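S.K.: Questions regarding the structure given below will be posed in turn.
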Amino acid sequence: MFDYLEKQLPKLIMAPTAIVMLVCMYGFIGWTAVLSFTKSRMLPQWEFVGWAQYERLFANPRWHVALDNLLVFTLLFIIIALLLGLMLAILLDRNIRNDGALRTIYLYPMAVSFIVTGTAWKWILNPGLGIEKMVRDLGFTDFEFRWLVEPDMAIYTIVIAAVWQSSGFVMAMFLAGLRGVDDSLIKAAQMDGASTFRTYWHIILPVMQPVFFGSVVILSHIAIKSFDLVQSLTGGGPGYASDLPATFMYTHAFSRAQMGLGAASAMVMLAGVMAIIVPYLYSELRGKKS
Amino acid sequence: MSASTTSHRLYKALFITLLLVFALVYLAPLYVMLTTSFKGIEEIRNGNILALPTTLNGSAWSKAWSSACTGGDCYGLAPYFWNSMRIVLPAVFISTVIGALNGYVLSQWRFTGSNFLFGALLFGCFIPFQVILLPMAKLLAWLGLANTVPGLVLVHVIYGVAFTTLFFRNYYVGIPTELVRAARLDGAGFFAIFRHVFLPLSAPIIVVSIIWQFTQIWNDFLFGVVYSGPGTQPITVALNNLVNTTMGGKEYNVDMAAAVIAALPTLVVYLVAGKYFVRGLTAGAVKG
């Protein structure tokens, strides 16, 4: 009896996690999926309406604003954070041996919450008292910088704050990758007379492909989940000009008593994340085995 | 030779200048937060955002801590700071313990389906939480934990375990399974091997897990805003309420002091143990 228990112990240890995971991840996803096919508003109700909530969702101009914003935000955020992070990593890697202090500075925003980041940038970008006033005080009295209150520009303030917060992370990832590149490869290239640029382009960057790939996945994941930053920086405004799917879902499911619609938007978000994550995880897990 | 050395030096100086300029840019928001928090409201309205405060005025700090209005009440951030602590500490501890045991099983005591289990769990690191928000609210209400601190602890443990398991599993996978086999021949059991062989090796990964969870949970806003009620809100929610409370004139100095207070615990952890913080961040992607 005791032997049997001892043998089953590993499974027993894993059982609570497995059950909770089954219920609270996969079960809940199923629950939300079912909810998205009902006409639930304030409370869940189980009258099925087919794809009606999805049709309502995609007929909703606010949802389209949120999707467009997500596209603009994700693309700009990823591209700028990658370029900035890569640049910082390359500069750090080649030029400074004792880079602890600089690395600490580039990365500290990552330790801070998006709410704090949003609060800080809301103040810096404050039309009237922030950067605008600073430049005006320098003598450029016509200078205007009020993206925070311009419907067309508000989404870019979120890009700025998000890049500030996350580019240090990209830097850390690339730096870890660069430091892992075999020194003899670089030496050999330099012996052959390759310029620094060519060395990076042909030898180092290809080795960094997995790091690059991993960074893109994680950044796009941060982008799709972005909720706190929008909430604290623009509140989705002006109006709903800087809404993202995450804030759309929250507003409709929790403050507007549109539970079915909120569930439908959450399912669309999940589909978006899965389109990126599933191939990535698949290739990662496959790669480990071979 | 000397010409190329000169240009090489020139480039190097240029690059280092560039790095320093970027460092200043990255530091600017923290600098602005700190200087603004020590200014008086007149000084803020008339002065430059980058200027140093003329006098060190700490009144915004005491107001942010103990008397600023955060939506409903005006007790400052202090009660919410302690709420966050009451949520974070147990959640970090419990999720790290569970993660360690899970990782130990998944790396050293594999059984049929354990790899599949790990894959399924890994996926949980990536789901957008919006998709579980509604049913989780139902579950918490059903358990009688809606709007309570234990409820928030539970939510953070459930969705944090995927990460802690990943950390420990990837760490223990590097330890040869022969070690377990040898210990078993000596008659050691599951827990004895864990305690005497694995735990002593685990200090670095325990630190990584604690720091990661501490940062994640302290900084959480989504679960906090959905699953807390008046009196149990974490500090991120209180900060957001404080900044967006529109009673009377806007007090930017109080906002900034409050933001620094909310950021302080994770910043301190980062400064003290930055190396482990980076390890946690890169654990998911570089090593996989």
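We label chains A, B, ... in the order they appear in the structure tokens, count residues from 1 in each chain, and number ligands from 1 in the order shown.
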With only C-alpha atoms as the counted atoms, please give the residues lying no more than 12 Å from Val268 (chain B), apart from itself and same-chain residues fewer than 2 positions off, as a ChimeraX atom specification.

M.R.: /A:108,111-112 /B:211,214-215,260-266,270-274,277

S.K.: Emit the selected residues as a PDB file, in the first residue's frame, including C-alpha atoms.

M.R.:
```
ATOM      1  CA  TYR A 108      14.642  49.537 -14.626  1.00  0.00           C
ATOM      2  CA  ALA A 111      10.370  46.595 -12.914  1.00  0.00           C
ATOM      3  CA  VAL A 112       7.738  49.306 -12.673  1.00  0.00           C
TER       4      VAL A 112
ATOM      5  CA  ILE B 211      11.338  38.141  -7.803  1.00  0.00           C
ATOM      6  CA  PHE B 214       6.648  39.601  -6.592  1.00  0.00           C
ATOM      7  CA  THR B 215       7.029  41.985  -9.535  1.00  0.00           C
ATOM      8  CA  VAL B 260       6.967  56.607  -6.743  1.00  0.00           C
ATOM      9  CA  ILE B 261       5.515  55.022  -3.602  1.00  0.00           C
ATOM     10  CA  ALA B 262       3.704  52.450  -5.749  1.00  0.00           C
ATOM     11  CA  ALA B 263       6.870  51.733  -7.731  1.00  0.00           C
ATOM     12  CA  LEU B 264       9.260  51.630  -4.794  1.00  0.00           C
ATOM     13  CA  PRO B 265       9.007  47.984  -3.639  1.00  0.00           C
ATOM     14  CA  THR B 266       9.631  46.512  -7.088  1.00  0.00           C
ATOM     15  CA  TYR B 270      15.232  45.201  -8.942  1.00  0.00           C
ATOM     16  CA  LEU B 271      18.182  47.228  -7.661  1.00  0.00           C
ATOM     17  CA  VAL B 272      19.075  44.638  -5.042  1.00  0.00           C
ATOM     18  CA  ALA B 273      18.670  41.551  -7.229  1.00  0.00           C
ATOM     19  CA  GLY B 274      18.672  42.795 -10.811  1.00  0.00           C
ATOM     20  CA  PHE B 277      15.244  39.742 -12.429  1.00  0.00           C
TER      21      PHE B 277
END
```

S.K.: If DSSP is run on the backbone, what residues of region 3-200 of chain B are helix (DSSP H, G or I)? A reply as a PyMOL selection string would be ideal.

M.R.: chain B and resi 3-37+41-46+59-66+78-108+114-123+130-143+149-172+178-185+190-200

S.K.: Interatomic distance between CA of Gly40 (chain B) and CA of Lys63 (chain B)?

M.R.: 12.4 Å

S.K.: So, with only C-alpha atoms as the atoms that count, which of B:Pro79, B:Gly103, B:Gly47, B:Gly58 lies closest to Asn170 (chain B)?

M.R.: B:Gly103

S.K.: Considering only C-alpha atoms, return as a list of chain:residue names whatever protein or nucleic-acid residues lie within 10 Å of Ser40 (chain A), sequence-local ones (same chain, fewer than 6 positions apart) excluded.

M.R.: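 Neighbouring residues, sequence-local ones excluded: A:Trp46, A:Glu47, A:Phe48, A:Val49, A:Gln53, A:Ala253, A:Ala257, A:Gln258, A:Met259, A:Gly260, A:Leu261, A:Gly262, A:Ala263.
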
S.K.: Give me a file of those residues, with C-alpha atoms, as a PDB file, in the first residue's frame.

M.R.:
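This is the output file part29.pdb:
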```pdb
ATOM      1  CA  TRP A  46     -28.165  30.600 -21.429  1.00  0.00           C
ATOM      2  CA  GLU A  47     -30.340  31.611 -24.331  1.00  0.00           C
ATOM      3  CA  PHE A  48     -28.271  30.929 -27.413  1.00  0.00           C
ATOM      4  CA  VAL A  49     -28.138  33.416 -30.219  1.00  0.00           C
ATOM      5  CA  GLN A  53     -22.632  38.720 -30.517  1.00  0.00           C
ATOM      6  CA  ALA A 253     -18.144  43.150 -19.782  1.00  0.00           C
ATOM      7  CA  ALA A 257     -23.383  45.098 -18.690  1.00  0.00           C
ATOM      8  CA  GLN A 258     -22.701  43.608 -22.132  1.00  0.00           C
ATOM      9  CA  MET A 259     -21.360  40.296 -20.951  1.00  0.00           C
ATOM     10  CA  GLY A 260     -22.010  38.379 -24.173  1.00  0.00           C
ATOM     11  CA  LEU A 261     -20.334  41.036 -26.265  1.00  0.00           C
ATOM     12  CA  GLY A 262     -17.404  41.216 -23.842  1.00  0.00           C
ATOM     13  CA  ALA A 263     -17.011  37.435 -24.007  1.00  0.00           C
TER      14      ALA A 263
END
```
